[in-house]
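A.B. asks: What follows is a single structure, and I will ask about it in a moment.
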Amino acid sequence: MSTGSQPPLLYPPYASTVRRAPARPLIRLPHNFSDFAAPVYGYRDVAEVDADLTCQHAGEPLGERIVVSGRVLDEDGRPVRRTLVELWQCNAAGRYRHAIDDHPAPLDPNFSGAGRTITDDDGQYRFVTIKPGAYPWRNHHNAWRPAHIHFSLFGESFLSRLVTQMYFPGDPLLARDPVFQSIADAGARESLISRFDLDLTEPEWALGYRFDIVLRGPRSTPFEDRT
Ligand SMILES: [Fe+2]
């Protein structure tokens, strides 16, 4: 992993890292077989509708319908096949369906905000959802998170587990966001911004955004948190 391509555990502008960053040196645990064995849960339970967050309720959610798709690759550029990709996000108004989200924005009865899918033989995944809104988060005065989608991937083993966030191009909040800015390397930060893609865009229906994800290695997508 190149220097600065991953966020530090302690980054004071991102206030909650001050309390959760380890205060003592990390203890390295020896790897054993269980670290290398792929997680086996999830695969059989994943239904096609799980990848379409606009079809999980009686009606369609409000907001801008989008397609989010890309490839999951390993550090050598090989596709990571048949791997679980999960995402979660707030609704178009910037509100999560979660007990502790008290942002005074409306919930959407037709949007839960969670999806999952399995990559195909080319490492491709594809979700249909709505574009999430920005939301305030009290990290500092007038702090707003840029629109983002949370991703979790297991890859081929627990050692390649990745939790990260995908952003949208041209968002003016990125320059002021301590979560995004905690990654020192500009190229690594850029890798978290999806690209608008006309080939993924479907006429009369939805804009398409491409987001490729690299698990482990020097070109790894920055991890959200390694604790
Ligand atoms: Fe979030």
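How things are named: the first chain in the structure tokens is A, the next is B, and so on; residues count from 1 in each chain; ligands count from 1 in the order shown.
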Could you please extract the residues within 7 Å of ligand 1, counting only C-alpha atoms and all ligand atoms, and hand them back as a PDB file with N, CA, C and O atoms, in the first residue's frame?

C.D. replies:
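Dumped everything to out-v9.pdb:
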ATOM      1  N   GLN A  89     -27.113   3.332   2.347  1.00  0.00           N
ATOM      2  CA  GLN A  89     -27.093   4.766   2.069  1.00  0.00           C
ATOM      3  C   GLN A  89     -28.326   5.433   2.666  1.00  0.00           C
ATOM      4  O   GLN A  89     -29.309   4.785   3.019  1.00  0.00           O
ATOM      5  N   CYS A  90     -28.267   6.784   2.737  1.00  0.00           N
ATOM      6  CA  CYS A  90     -29.452   7.539   3.144  1.00  0.00           C
ATOM      7  C   CYS A  90     -30.348   7.736   1.929  1.00  0.00           C
ATOM      8  O   CYS A  90     -29.988   7.409   0.796  1.00  0.00           O
ATOM      9  N   HIS A 148     -22.893  10.166  -0.531  1.00  0.00           N
ATOM     10  CA  HIS A 148     -22.027   8.983  -0.576  1.00  0.00           C
ATOM     11  C   HIS A 148     -22.838   7.722  -0.388  1.00  0.00           C
ATOM     12  O   HIS A 148     -23.946   7.742   0.155  1.00  0.00           O
ATOM     13  N   ILE A 149     -22.256   6.631  -0.831  1.00  0.00           N
ATOM     14  CA  ILE A 149     -22.833   5.300  -0.629  1.00  0.00           C
ATOM     15  C   ILE A 149     -21.788   4.452   0.082  1.00  0.00           C
ATOM     16  O   ILE A 149     -20.634   4.396  -0.333  1.00  0.00           O
ATOM     17  N   HIS A 150     -22.185   3.817   1.169  1.00  0.00           N
ATOM     18  CA  HIS A 150     -21.282   2.933   1.916  1.00  0.00           C
ATOM     19  C   HIS A 150     -21.230   1.571   1.226  1.00  0.00           C
ATOM     20  O   HIS A 150     -22.267   1.044   0.809  1.00  0.00           O
TER      21      HIS A 150
END

A.B. asks: List every residue of region 80-195 of chain A that DSSP, applied to the backbone, labels as strand (DSSP E or B), and write the result as a JSON list (two decimals) with N, CA and C atoms, in the first residue's frame.

C.D. replies:
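Dumped to out.json:
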[["chain", "number", "residue", "atom", "x", "y", "z"],
["A", 84, "LEU", "N", -19.48, -11.29, -2.42],
["A", 84, "LEU", "CA", -20.60, -10.51, -1.89],
["A", 84, "LEU", "C", -20.24, -9.02, -1.83],
["A", 85, "VAL", "N", -21.11, -8.19, -2.41],
["A", 85, "VAL", "CA", -20.97, -6.73, -2.34],
["A", 85, "VAL", "C", -22.23, -6.20, -1.66],
["A", 86, "GLU", "N", -22.05, -5.47, -0.57],
["A", 86, "GLU", "CA", -23.19, -4.89, 0.14],
["A", 86, "GLU", "C", -23.07, -3.38, 0.13],
["A", 87, "LEU", "N", -24.19, -2.68, 0.09],
["A", 87, "LEU", "CA", -24.15, -1.22, 0.20],
["A", 87, "LEU", "C", -25.29, -0.73, 1.06],
["A", 88, "TRP", "N", -25.10, 0.46, 1.64],
["A", 88, "TRP", "CA", -26.17, 1.12, 2.38],
["A", 88, "TRP", "C", -26.01, 2.62, 2.22],
["A", 114, "ALA", "N", -30.69, -0.28, 1.73],
["A", 114, "ALA", "CA", -29.67, -1.33, 1.82],
["A", 114, "ALA", "C", -29.82, -2.29, 0.64],
["A", 115, "GLY", "N", -28.70, -2.74, 0.12],
["A", 115, "GLY", "CA", -28.74, -3.69, -0.99],
["A", 115, "GLY", "C", -27.52, -4.59, -0.97],
["A", 116, "ARG", "N", -27.60, -5.66, -1.74],
["A", 116, "ARG", "CA", -26.45, -6.58, -1.84],
["A", 116, "ARG", "C", -26.56, -7.36, -3.14],
["A", 117, "THR", "N", -25.41, -7.80, -3.59],
["A", 117, "THR", "CA", -25.38, -8.60, -4.81],
["A", 117, "THR", "C", -24.09, -9.41, -4.81],
["A", 118, "ILE", "N", -23.98, -10.28, -5.80],
["A", 118, "ILE", "CA", -22.79, -11.13, -5.96],
["A", 118, "ILE", "C", -22.16, -10.76, -7.30],
["A", 124, "GLN", "N", -17.98, -8.19, -12.11],
["A", 124, "GLN", "CA", -18.90, -7.06, -12.23],
["A", 124, "GLN", "C", -20.03, -7.14, -11.19],
["A", 125, "TYR", "N", -20.40, -5.97, -10.70],
["A", 125, "TYR", "CA", -21.62, -5.87, -9.89],
["A", 125, "TYR", "C", -22.47, -4.74, -10.46],
["A", 126, "ARG", "N", -23.75, -4.72, -10.12],
["A", 126, "ARG", "CA", -24.63, -3.66, -10.62],
["A", 126, "ARG", "C", -25.78, -3.47, -9.63],
["A", 127, "PHE", "N", -25.97, -2.20, -9.22],
["A", 127, "PHE", "CA", -27.09, -1.85, -8.36],
["A", 127, "PHE", "C", -27.95, -0.79, -9.05],
["A", 128, "VAL", "N", -29.23, -0.80, -8.75],
["A", 128, "VAL", "CA", -30.12, 0.31, -9.10],
["A", 128, "VAL", "C", -30.57, 0.92, -7.78],
["A", 129, "THR", "N", -30.47, 2.25, -7.68],
["A", 129, "THR", "CA", -30.85, 2.90, -6.42],
["A", 129, "THR", "C", -31.25, 4.34, -6.73],
["A", 130, "ILE", "N", -31.32, 5.18, -5.73],
["A", 130, "ILE", "CA", -31.55, 6.60, -5.95],
["A", 130, "ILE", "C", -30.34, 7.35, -5.39],
["A", 135, "TYR", "N", -26.05, 15.17, 4.13],
["A", 135, "TYR", "CA", -26.68, 15.31, 5.44],
["A", 135, "TYR", "C", -25.71, 15.96, 6.43],
["A", 136, "PRO", "N", -26.24, 16.67, 7.44],
["A", 136, "PRO", "CA", -25.38, 17.29, 8.46],
["A", 136, "PRO", "C", -24.90, 16.25, 9.46],
["A", 144, "TRP", "N", -21.37, 19.08, 6.70],
["A", 144, "TRP", "CA", -22.28, 18.27, 5.88],
["A", 144, "TRP", "C", -21.47, 17.21, 5.15],
["A", 145, "ARG", "N", -21.92, 15.96, 5.22],
["A", 145, "ARG", "CA", -21.26, 14.91, 4.45],
["A", 145, "ARG", "C", -21.63, 15.04, 2.98],
["A", 148, "HIS", "N", -22.89, 10.17, -0.53],
["A", 148, "HIS", "CA", -22.03, 8.98, -0.58],
["A", 148, "HIS", "C", -22.84, 7.72, -0.39],
["A", 149, "ILE", "N", -22.26, 6.63, -0.83],
["A", 149, "ILE", "CA", -22.83, 5.30, -0.63],
["A", 149, "ILE", "C", -21.79, 4.45, 0.08],
["A", 150, "HIS", "N", -22.18, 3.82, 1.17],
["A", 150, "HIS", "CA", -21.28, 2.93, 1.92],
["A", 150, "HIS", "C", -21.23, 1.57, 1.23],
["A", 151, "PHE", "N", -20.02, 1.01, 1.15],
["A", 151, "PHE", "CA", -19.83, -0.32, 0.56],
["A", 151, "PHE", "C", -19.12, -1.23, 1.56],
["A", 152, "SER", "N", -19.49, -2.49, 1.53],
["A", 152, "SER", "CA", -18.76, -3.52, 2.28],
["A", 152, "SER", "C", -18.52, -4.70, 1.35],
["A", 153, "LEU", "N", -17.28, -5.17, 1.31],
["A", 153, "LEU", "CA", -16.93, -6.33, 0.49],
["A", 153, "LEU", "C", -16.10, -7.29, 1.31],
["A", 162, "LEU", "N", -13.24, -5.19, 3.03],
["A", 162, "LEU", "CA", -13.11, -3.77, 2.74],
["A", 162, "LEU", "C", -14.42, -3.07, 3.06],
["A", 163, "VAL", "N", -14.34, -2.00, 3.84],
["A", 163, "VAL", "CA", -15.50, -1.14, 4.08],
["A", 163, "VAL", "C", -15.08, 0.25, 3.61],
["A", 164, "THR", "N", -15.86, 0.83, 2.70],
["A", 164, "THR", "CA", -15.45, 2.11, 2.15],
["A", 164, "THR", "C", -16.68, 2.94, 1.76],
["A", 165, "GLN", "N", -16.43, 4.09, 1.17],
["A", 165, "GLN", "CA", -17.53, 4.95, 0.73],
["A", 165, "GLN", "C", -17.27, 5.40, -0.69],
["A", 166, "MET", "N", -18.34, 5.44, -1.48],
["A", 166, "MET", "CA", -18.28, 5.92, -2.85],
["A", 166, "MET", "C", -18.89, 7.32, -2.91],
["A", 167, "TYR", "N", -18.22, 8.22, -3.64],
["A", 167, "TYR", "CA", -18.71, 9.60, -3.77],
["A", 167, "TYR", "C", -19.12, 9.89, -5.21],
["A", 193, "ILE", "N", -14.17, 8.44, -5.92],
["A", 193, "ILE", "CA", -15.20, 9.20, -6.63],
["A", 193, "ILE", "C", -15.64, 8.42, -7.86],
["A", 195, "ARG", "N", -17.39, 7.61, -11.46],
["A", 195, "ARG", "CA", -17.37, 8.36, -12.72],
["A", 195, "ARG", "C", -18.73, 8.28, -13.37]]

A.B. asks: Hey, what's within 12 Å of Ser191 (chain A) if we count only C-alpha atoms and toss same-chain stuff fewer than 4 positions away? As a ChimeraX atom specification, please?

C.D. replies: /A:5-6,164-169,180,183,185-187,195,210-214,219-223

A.B. asks: Which residue is closest to Ala51 (chain A)? Choose from A:Pro106, A:Val72, A:Leu192, A:Gly113 and count only C-alpha atoms.

C.D. replies: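 Residue with the minimum atom-to-atom distance to Ala51 (chain A): A:Gly113.
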
A.B. asks: Given the choices A:Leu215, A:Ala15, A:Ala206, A:Val46, which gets closest to Glu64 (chain A) if the distance is worked out from only C-alpha atoms?

C.D. replies: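 Looking only at the distances to Glu64 (chain A), the closest residue turns out to be A:Ala206.
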
A.B. asks: Hey, can you check how far CA of Gln56 (chain A) sits from CA of Ser112 (chain A)?

C.D. replies: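 CA of Gln56 (chain A) sits 7.7 Å away from CA of Ser112 (chain A).
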
A.B. asks: Pick the closest to Ala58 (chain A) from A:Tyr209, A:Phe111, A:Phe154, A:Trp137: which is it, counting only C-alpha atoms?

C.D. replies: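 Checking each candidate against Ala58 (chain A), we get A:Phe111 as the closest.
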
A.B. asks: Could you pull out the helix (DSSP H, G or I) residues of region 58-223 of chain A from DSSP and send them as a compact mmCIF listing (two decimals) with N, CA and C atoms, in the first residue's frame?

C.D. replies:
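Ended up saving to states.txt:
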# COMPACT_ATOMS: atom_id res chain seq x y z
N PHE A 158 -11.41 -13.05 4.82
CA PHE A 158 -11.56 -11.95 5.76
C PHE A 158 -10.40 -10.96 5.66
N LEU A 159 -9.27 -11.41 5.16
CA LEU A 159 -8.12 -10.52 5.03
C LEU A 159 -8.34 -9.46 3.95
N SER A 160 -9.26 -9.72 3.04
CA SER A 160 -9.52 -8.74 1.99
C SER A 160 -10.80 -7.95 2.28
N LEU A 174 -16.87 17.73 -1.09
CA LEU A 174 -15.70 16.86 -0.94
C LEU A 174 -14.50 17.61 -0.39
N ALA A 175 -14.31 18.84 -0.83
CA ALA A 175 -13.14 19.61 -0.41
C ALA A 175 -13.17 19.93 1.08
N ARG A 176 -14.35 19.86 1.68
CA ARG A 176 -14.49 20.23 3.10
C ARG A 176 -14.78 19.02 3.99
N PRO A 178 -13.82 15.96 6.18
CA PRO A 178 -12.66 15.34 6.84
C PRO A 178 -12.56 13.84 6.60
N VAL A 179 -13.66 13.17 6.36
CA VAL A 179 -13.59 11.72 6.10
C VAL A 179 -12.86 11.50 4.78
N PHE A 180 -13.29 12.21 3.75
CA PHE A 180 -12.65 12.10 2.44
C PHE A 180 -11.22 12.64 2.49
N GLN A 181 -11.03 13.78 3.15
CA GLN A 181 -9.71 14.42 3.19
C GLN A 181 -8.71 13.72 4.10
N ALA A 186 -3.72 12.06 -3.19
CA ALA A 186 -4.79 12.59 -4.04
C ALA A 186 -5.36 11.53 -4.97
N GLY A 187 -4.48 10.67 -5.50
CA GLY A 187 -4.95 9.61 -6.40
C GLY A 187 -5.86 8.63 -5.68
N ALA A 188 -5.50 8.31 -4.45
CA ALA A 188 -6.32 7.39 -3.66
C ALA A 188 -7.68 8.02 -3.36
N ARG A 189 -7.67 9.33 -3.05
CA ARG A 189 -8.96 10.02 -2.83
C ARG A 189 -9.82 9.95 -4.09
N GLU A 190 -9.20 10.23 -5.23
CA GLU A 190 -9.94 10.21 -6.50
C GLU A 190 -10.58 8.85 -6.77

A.B. asks: Tell me, as a PyMOL selection string, which residues lie within 7 Å of Arg82 (chain A), counting only C-alpha atoms; anything in the same chain fewer than 3 positions away does not count.

C.D. replies: chain A and resi 118-121

A.B. asks: Write the residues of the selection above to a file with N, CA, C and O atoms, as an mmCIF file, in the first residue's frame.

C.D. replies:
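File part18.cif, as written:
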data_model
loop_
_atom_site.group_PDB
_atom_site.id
_atom_site.type_symbol
_atom_site.label_atom_id
_atom_site.label_comp_id
_atom_site.auth_asym_id
_atom_site.auth_seq_id
_atom_site.Cartn_x
_atom_site.Cartn_y
_atom_site.Cartn_z
ATOM 1 N N ILE A 118 -23.983 -10.284 -5.801
ATOM 2 C CA ILE A 118 -22.794 -11.127 -5.961
ATOM 3 C C ILE A 118 -22.159 -10.763 -7.303
ATOM 4 O O ILE A 118 -22.861 -10.614 -8.312
ATOM 5 N N THR A 119 -20.833 -10.612 -7.336
ATOM 6 C CA THR A 119 -20.183 -10.295 -8.615
ATOM 7 C C THR A 119 -20.289 -11.479 -9.575
ATOM 8 O O THR A 119 -20.374 -12.634 -9.150
ATOM 9 N N ASP A 120 -20.259 -11.148 -10.880
ATOM 10 C CA ASP A 120 -20.323 -12.217 -11.883
ATOM 11 C C ASP A 120 -18.919 -12.747 -12.182
ATOM 12 O O ASP A 120 -17.948 -12.404 -11.487
ATOM 13 N N ASP A 121 -18.796 -13.525 -13.237
ATOM 14 C CA ASP A 121 -17.497 -14.146 -13.534
ATOM 15 C C ASP A 121 -16.448 -13.145 -13.998
ATOM 16 O O ASP A 121 -15.265 -13.461 -14.079
#

A.B. asks: Which is closer to Trp205 (chain A) than all the others in A:Leu73, A:Val49, A:Ala93, A:Ile66, using only C-alpha atoms?

C.D. replies: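 Comparing A:Leu73, A:Val49, A:Ala93, A:Ile66 against Trp205 (chain A), the winner is A:Ile66.
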
A.B. asks: Which neighbours of Leu62 (chain A) fall inside 10 Å, counting only C-alpha atoms, when residues of the same chain fewer than 2 positions from it are skipped, and could you give them as a short mmCIF file (atom, residue, chain, number, x, y, z; two decimals) with N, CA, C and O atoms, in the first residue's frame?

C.D. replies:
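And here's result.cif as it stands now:
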data_model
loop_
_atom_site.label_atom_id
_atom_site.label_comp_id
_atom_site.auth_asym_id
_atom_site.auth_seq_id
_atom_site.Cartn_x
_atom_site.Cartn_y
_atom_site.Cartn_z
N THR A 54 -34.86 0.27 -5.64
CA THR A 54 -36.08 0.99 -6.01
C THR A 54 -37.27 0.05 -6.11
O THR A 54 -38.38 0.48 -6.40
N GLY A 59 -44.17 1.01 -3.55
CA GLY A 59 -44.00 2.08 -4.53
C GLY A 59 -42.53 2.39 -4.75
O GLY A 59 -41.66 1.83 -4.08
N GLU A 60 -42.28 3.28 -5.70
CA GLU A 60 -40.89 3.66 -5.97
C GLU A 60 -40.43 4.76 -5.01
O GLU A 60 -41.21 5.66 -4.68
N GLU A 64 -33.55 10.82 -7.50
CA GLU A 64 -32.98 10.63 -8.83
C GLU A 64 -32.51 9.18 -8.98
O GLU A 64 -31.57 8.75 -8.30
N ARG A 65 -33.18 8.43 -9.84
CA ARG A 65 -32.82 7.01 -10.02
C ARG A 65 -31.43 6.91 -10.67
O ARG A 65 -31.15 7.62 -11.64
N ASN A 91 -31.54 8.29 2.18
CA ASN A 91 -32.46 8.52 1.07
C ASN A 91 -32.13 9.84 0.37
O ASN A 91 -31.15 10.52 0.69
N ALA A 92 -32.97 10.21 -0.59
CA ALA A 92 -32.68 11.41 -1.40
C ALA A 92 -32.70 12.68 -0.56
O ALA A 92 -32.09 13.69 -0.94
N ALA A 93 -33.38 12.63 0.59
CA ALA A 93 -33.45 13.80 1.46
C ALA A 93 -32.31 13.84 2.47
O ALA A 93 -32.23 14.75 3.30
N ASP A 108 -38.52 8.03 3.71
CA ASP A 108 -39.26 7.63 2.52
C ASP A 108 -39.79 6.22 2.75
O ASP A 108 -39.01 5.28 2.91
N PRO A 109 -41.12 6.06 2.81
CA PRO A 109 -41.66 4.72 3.10
C PRO A 109 -41.29 3.69 2.04
O PRO A 109 -41.39 2.49 2.29
N ASN A 110 -40.85 4.16 0.89
CA ASN A 110 -40.50 3.22 -0.19
C ASN A 110 -38.99 3.03 -0.34
O ASN A 110 -38.52 2.56 -1.38
N PHE A 111 -38.24 3.40 0.69
CA PHE A 111 -36.78 3.26 0.58
C PHE A 111 -36.18 2.81 1.89
O PHE A 111 -36.27 3.50 2.90
N ILE A 130 -31.32 5.18 -5.73
CA ILE A 130 -31.55 6.60 -5.95
C ILE A 130 -30.34 7.35 -5.39
O ILE A 130 -29.64 6.85 -4.52
N LYS A 131 -30.08 8.53 -5.94
CA LYS A 131 -28.92 9.28 -5.49
C LYS A 131 -29.15 9.77 -4.06
O LYS A 131 -30.15 10.44 -3.78
#

A.B. asks: Could you check how far CA of Asp197 (chain A) sits from CA of Gly4 (chain A), in Å to one decimal?

C.D. replies: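 These atoms are spaced 28.0 Å apart.
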
A.B. asks: Using CA of Arg44 (chain A) and CA of Glu156 (chain A) as the two end points, give the distance in Å to one decimal.

C.D. replies: 16.3 Å
